[in-house]
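start.csv, holding CSV, C-alpha atoms and all ligand atoms:
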chain,number,residue,atom,x,y,z
A,978,MET,CA,0.0,0.0,0.0
A,979,ASP,CA,1.3,3.5,-0.9
A,980,LEU,CA,0.3,6.6,0.9
A,981,GLN,CA,0.0,10.1,-0.6
A,982,PRO,CA,2.8,12.2,0.6
A,983,ARG,CA,0.7,14.2,3.1
A,984,ALA,CA,-1.7,11.5,4.0
A,985,ALA,CA,-2.8,11.0,7.6
A,986,CYS,CA,-0.5,8.6,9.5
A,987,PRO,CA,-2.0,5.1,9.7
A,988,CYS,CA,-1.4,5.1,13.5
A,989,GLY,CA,-4.1,7.8,13.9
A,990,ARG,CA,-2.0,10.3,15.9
A,991,THR,CA,-3.7,13.7,16.1
A,992,THR,CA,-2.5,17.1,17.3
A,993,ALA,CA,-3.7,18.6,20.5
A,994,LYS,CA,-6.4,20.3,18.4
A,995,GLY,CA,-7.5,16.9,17.0
A,996,LYS,CA,-6.0,17.3,13.5
A,997,ALA,CA,-4.5,14.2,11.9
A,998,VAL,CA,-0.8,14.2,11.8
A,999,ALA,CA,0.7,13.4,8.3
A,1000,TYR,CA,2.6,10.1,7.9
A,1001,THR,CA,5.8,12.0,6.9
A,1002,ASP,CA,5.7,13.9,10.2
A,1003,CYS,CA,4.8,10.9,12.3
A,1004,CYS,CA,5.7,7.2,11.8
A,1005,GLY,CA,7.3,8.0,8.4
A,1006,ARG,CA,10.2,9.7,10.2
A,1007,PHE,CA,11.2,6.2,11.5
A,1008,VAL,CA,9.8,3.8,9.0
A,1009,GLU,CA,11.3,5.6,6.0
A,1010,HIS,CA,14.5,6.5,7.7
A,1011,PHE,CA,15.3,3.4,9.7
A,1012,ASP,CA,19.1,3.6,9.3
A,1013,THR,CA,19.4,7.2,10.5
A,1014,THR,CA,16.4,7.9,12.7
A,1015,PRO,CA,15.5,5.2,15.3
A,1016,ALA,CA,12.2,5.6,17.2
A,1017,PRO,CA,13.0,7.5,20.4
A,1018,ASP,CA,10.9,5.4,22.7
A,1019,ALA,CA,8.8,2.3,22.8
A,1020,GLU,CA,5.5,4.0,22.1
A,1021,HIS,CA,6.9,5.6,19.0
A,1022,LEU,CA,8.3,2.3,17.9
A,1023,MET,CA,5.0,0.6,18.6
A,1024,ARG,CA,3.1,3.2,16.5
A,1025,SER,CA,5.6,2.9,13.7
A,1026,ARG,CA,5.3,-0.8,13.7
A,1027,TYR,CA,1.5,-0.6,13.4
A,1028,SER,CA,2.0,1.8,10.5
A,1029,ALA,CA,4.5,-0.6,8.9
A,1030,PHE,CA,1.9,-3.4,9.2
A,1031,VAL,CA,-0.7,-1.2,7.4
A,1032,LEU,CA,1.9,-0.4,4.7
A,1033,GLU,CA,3.1,-4.0,4.6
A,1034,ASN,CA,6.7,-3.0,5.2
A,1035,ALA,CA,8.2,-6.3,6.2
A,1036,ALA,CA,11.7,-5.0,6.2
A,1037,TYR,CA,11.0,-2.4,8.9
A,1038,LEU,CA,9.0,-4.9,11.0
A,1039,LEU,CA,11.8,-7.5,11.0
A,1040,ALA,CA,14.5,-4.9,11.7
A,1041,THR,CA,12.6,-3.6,14.7
A,1042,TRP,CA,11.9,-7.1,16.1
A,1043,HIS,CA,14.4,-8.2,18.7
A,1044,SER,CA,16.7,-10.9,17.4
A,1045,SER,CA,15.7,-13.3,20.1
A,1046,GLN,CA,12.1,-13.4,18.9
A,1047,ARG,CA,12.3,-12.3,15.3
A,1048,PRO,CA,10.5,-14.6,12.8
A,1049,ALA,CA,12.4,-15.7,9.7
A,1050,ALA,CA,9.8,-14.0,7.5
A,1051,LEU,CA,6.4,-12.2,7.7
A,1052,ASP,CA,3.2,-13.0,5.9
A,1053,PHE,CA,0.6,-10.3,5.7
A,1054,GLU,CA,-3.0,-11.4,5.8
A,1055,ALA,CA,-4.3,-10.9,2.3
A,1056,GLY,CA,-6.9,-8.2,2.0
A,1057,ALA,CA,-6.7,-7.2,5.6
A,1058,LYS,CA,-8.0,-3.7,6.2
A,1059,TRP,CA,-6.6,-2.0,9.3
A,1060,LEU,CA,-9.1,0.1,11.1
A,1061,GLY,CA,-7.2,1.9,13.7
A,1062,LEU,CA,-4.8,1.9,16.7
A,1063,GLN,CA,-5.5,2.9,20.2
A,1064,VAL,CA,-2.5,3.1,22.6
A,1065,LYS,CA,-4.0,2.5,26.1
A,1066,ASP,CA,-0.9,2.5,28.3
A,1067,PHE,CA,2.8,3.2,28.0
A,1068,LYS,CA,5.2,2.6,30.9
A,1069,THR,CA,8.9,2.3,31.5
A,1070,THR,CA,9.7,-1.0,33.3
A,1071,GLY,CA,13.4,-0.7,33.7
A,1072,ALA,CA,16.6,1.1,32.6
A,1073,SER,CA,16.2,-0.2,29.0
A,1074,THR,CA,12.7,-1.8,29.0
A,1075,ALA,CA,9.2,-0.6,28.5
A,1076,GLU,CA,5.7,-1.9,27.9
A,1077,VAL,CA,2.9,-0.6,25.6
A,1078,GLU,CA,-0.7,-1.8,25.8
A,1079,PHE,CA,-2.7,-1.2,22.7
A,1080,VAL,CA,-5.8,-2.2,20.8
A,1081,ALA,CA,-5.5,-2.6,17.0
A,1082,ARG,CA,-8.5,-3.4,14.9
A,1083,PHE,CA,-8.7,-4.9,11.4
A,1084,ARG,CA,-11.1,-6.6,9.1
A,1085,ALA,CA,-10.0,-9.7,7.3
A,1086,ALA,CA,-12.0,-12.3,5.3
A,1087,GLY,CA,-15.3,-10.6,6.4
A,1088,ARG,CA,-14.6,-10.8,10.1
A,1089,ALA,CA,-13.6,-8.0,12.5
A,1090,VAL,CA,-10.6,-8.7,14.6
A,1091,ARG,CA,-9.7,-6.8,17.8
A,1092,LEU,CA,-6.1,-7.4,18.8
A,1093,HIS,CA,-5.5,-6.3,22.4
A,1094,GLU,CA,-1.9,-6.8,23.5
A,1095,ARG,CA,0.6,-5.7,26.1
A,1096,SER,CA,3.9,-5.6,24.3
A,1097,ARG,CA,7.4,-5.7,25.7
A,1098,PHE,CA,10.2,-3.6,24.3
A,1099,VAL,CA,13.9,-3.4,24.9
A,1100,CYS,CA,16.5,-0.7,24.1
A,1101,GLU,CA,19.9,-1.8,22.9
A,1102,ALA,CA,22.5,0.6,21.6
A,1103,ASN,CA,20.0,3.4,21.4
A,1104,ARG,CA,17.5,1.4,19.4
A,1105,TRP,CA,14.2,0.1,20.7
A,1106,PHE,CA,13.0,-3.3,19.6
A,1107,TYR,CA,9.8,-5.2,20.0
A,1108,VAL,CA,10.3,-8.4,22.0
A,1109,ASP,CA,7.0,-10.1,22.5
A,1110,GLY,CA,3.6,-9.5,24.1
A,1111,ASP,CA,0.7,-11.0,26.0
A,1112,GLN,CA,-2.7,-10.9,24.3
A,1113,PHE,CA,-5.8,-10.1,26.4
B,1,ZN,ZN,2.1,7.6,13.1

Render the structure in this file as structure tokens.
Amino acid sequence: MDLQPRAACPCGRTTAKGKAVAYTDCCGRFVEHFDTTPAPDAEHLMRSRYSAFVLENAAYLLATWHSSQRPAALDFEAGAKWLGLQVKDFKTTGASTAEVEFVARFRAAGRAVRLHERSRFVCEANRWFYVDGDQF
């Protein structure tokens, strides 16, 4: 999936005034510039990974997956339509660890899916990585 340059970010972030933030000003800063601009914290990484799922950017998803848990390859569910992301909680759990609780909704094969997960992240050499998560 390709976005128009100023399209609203798939992660749904809005300004304080409720205006949609453009992808290039939001998750695109990290997804499109992985080598030079790592996400500054676990919440930004989580949001950017959601946007990468929407955009089916497997390279970014694999690169931000901690090596201990990273799958060999990613399959995207054909025809999945992502409906939105809600970050419910973000907390630091240690010097280099954090957790983010979120709800992501999508529709696939005619059914609506609600993914509610508390994800664990770790920071190594100034880069945050997704480790794993518990689904509710
Ligand atoms: Zn975003």

Close residues to ligand ZN 1 (chain B) using all atoms listed in the file, limit 12 Å, as a PDB file with C-alpha atoms, in the frame of the given file:
ATOM      1  CA  ALA A 984      -1.700  11.500   4.000  1.00  0.00           C
ATOM      2  CA  ALA A 985      -2.800  11.000   7.600  1.00  0.00           C
ATOM      3  CA  CYS A 986      -0.500   8.600   9.500  1.00  0.00           C
ATOM      4  CA  PRO A 987      -2.000   5.100   9.700  1.00  0.00           C
ATOM      5  CA  CYS A 988      -1.400   5.100  13.500  1.00  0.00           C
ATOM      6  CA  GLY A 989      -4.100   7.800  13.900  1.00  0.00           C
ATOM      7  CA  ARG A 990      -2.000  10.300  15.900  1.00  0.00           C
ATOM      8  CA  THR A 991      -3.700  13.700  16.100  1.00  0.00           C
ATOM      9  CA  THR A 992      -2.500  17.100  17.300  1.00  0.00           C
ATOM     10  CA  ALA A 997      -4.500  14.200  11.900  1.00  0.00           C
ATOM     11  CA  VAL A 998      -0.800  14.200  11.800  1.00  0.00           C
ATOM     12  CA  ALA A 999       0.700  13.400   8.300  1.00  0.00           C
ATOM     13  CA  TYR A1000       2.600  10.100   7.900  1.00  0.00           C
ATOM     14  CA  THR A1001       5.800  12.000   6.900  1.00  0.00           C
ATOM     15  CA  ASP A1002       5.700  13.900  10.200  1.00  0.00           C
ATOM     16  CA  CYS A1003       4.800  10.900  12.300  1.00  0.00           C
ATOM     17  CA  CYS A1004       5.700   7.200  11.800  1.00  0.00           C
ATOM     18  CA  GLY A1005       7.300   8.000   8.400  1.00  0.00           C
ATOM     19  CA  ARG A1006      10.200   9.700  10.200  1.00  0.00           C
ATOM     20  CA  PHE A1007      11.200   6.200  11.500  1.00  0.00           C
ATOM     21  CA  VAL A1008       9.800   3.800   9.000  1.00  0.00           C
ATOM     22  CA  GLU A1009      11.300   5.600   6.000  1.00  0.00           C
ATOM     23  CA  ALA A1016      12.200   5.600  17.200  1.00  0.00           C
ATOM     24  CA  GLU A1020       5.500   4.000  22.100  1.00  0.00           C
ATOM     25  CA  HIS A1021       6.900   5.600  19.000  1.00  0.00           C
ATOM     26  CA  LEU A1022       8.300   2.300  17.900  1.00  0.00           C
ATOM     27  CA  MET A1023       5.000   0.600  18.600  1.00  0.00           C
ATOM     28  CA  ARG A1024       3.100   3.200  16.500  1.00  0.00           C
ATOM     29  CA  SER A1025       5.600   2.900  13.700  1.00  0.00           C
ATOM     30  CA  ARG A1026       5.300  -0.800  13.700  1.00  0.00           C
ATOM     31  CA  TYR A1027       1.500  -0.600  13.400  1.00  0.00           C
ATOM     32  CA  SER A1028       2.000   1.800  10.500  1.00  0.00           C
ATOM     33  CA  ALA A1029       4.500  -0.600   8.900  1.00  0.00           C
ATOM     34  CA  PHE A1030       1.900  -3.400   9.200  1.00  0.00           C
ATOM     35  CA  VAL A1031      -0.700  -1.200   7.400  1.00  0.00           C
ATOM     36  CA  LEU A1032       1.900  -0.400   4.700  1.00  0.00           C
ATOM     37  CA  GLY A1061      -7.200   1.900  13.700  1.00  0.00           C
ATOM     38  CA  LEU A1062      -4.800   1.900  16.700  1.00  0.00           C
ATOM     39  CA  GLN A1063      -5.500   2.900  20.200  1.00  0.00           C
ATOM     40  CA  VAL A1064      -2.500   3.100  22.600  1.00  0.00           C
TER      41      VAL A1064
END

What does the distance from atom CA of A:Phe1067 to atom CA of A:Ala1089 come to in Å, to one decimal? 25.2 Å

Could you check how far atom CA of A:His1093 sits from atom CA of A:Gln1112, in Å to one decimal?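 Between atom CA of A:His1093 and atom CA of A:Gln1112 the gap is 5.7 Å.
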
Env of A:Arg1097: 6 Å cut, atoms = all atoms listed in the file, seq-sep filter 6 positions within chain, self excluded. Answer as a ChimeraX atom specification. /A:1076,1108-1110

Between A:Gln981, A:Ser1096, A:Gln1046, A:Thr1014, which is the closest to A:Thr1069 once you count all atoms listed in the file?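 Using all atoms listed in the file, A:Thr1069 sits closest to A:Ser1096.
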
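For A:Arg1104, the residues within 6 Å (counting only C-alpha atoms, excluding itself and residues fewer than 3 positions away along the chain) are Pro1015, Cys1100 and Glu1101 of chain A.
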
Find the distance between atom CA of A:Phe1106 and atom CA of A:Asp1066 and write it in Å to one decimal. 17.4 Å

So, counting only C-alpha atoms, which residue among A:Ala1050, A:Val1080, A:Ala1036, A:Ala1072 is closest to A:Phe1011? A:Ala1036

Among listed residues A:Trp1105, A:Phe1113, A:Trp1042, A:Phe1098, nearest A:Thr1070 (using all atoms listed in the file):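 Result for the nearest residue to A:Thr1070: A:Phe1098.
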
What's the 12 Å shell around A:Val1090, counting all atoms listed in the file, without same-chain residues fewer than 3 positions away, as an MDAnalysis selection string? chainID A and resid 1054 1057:1061 1080:1087 1093
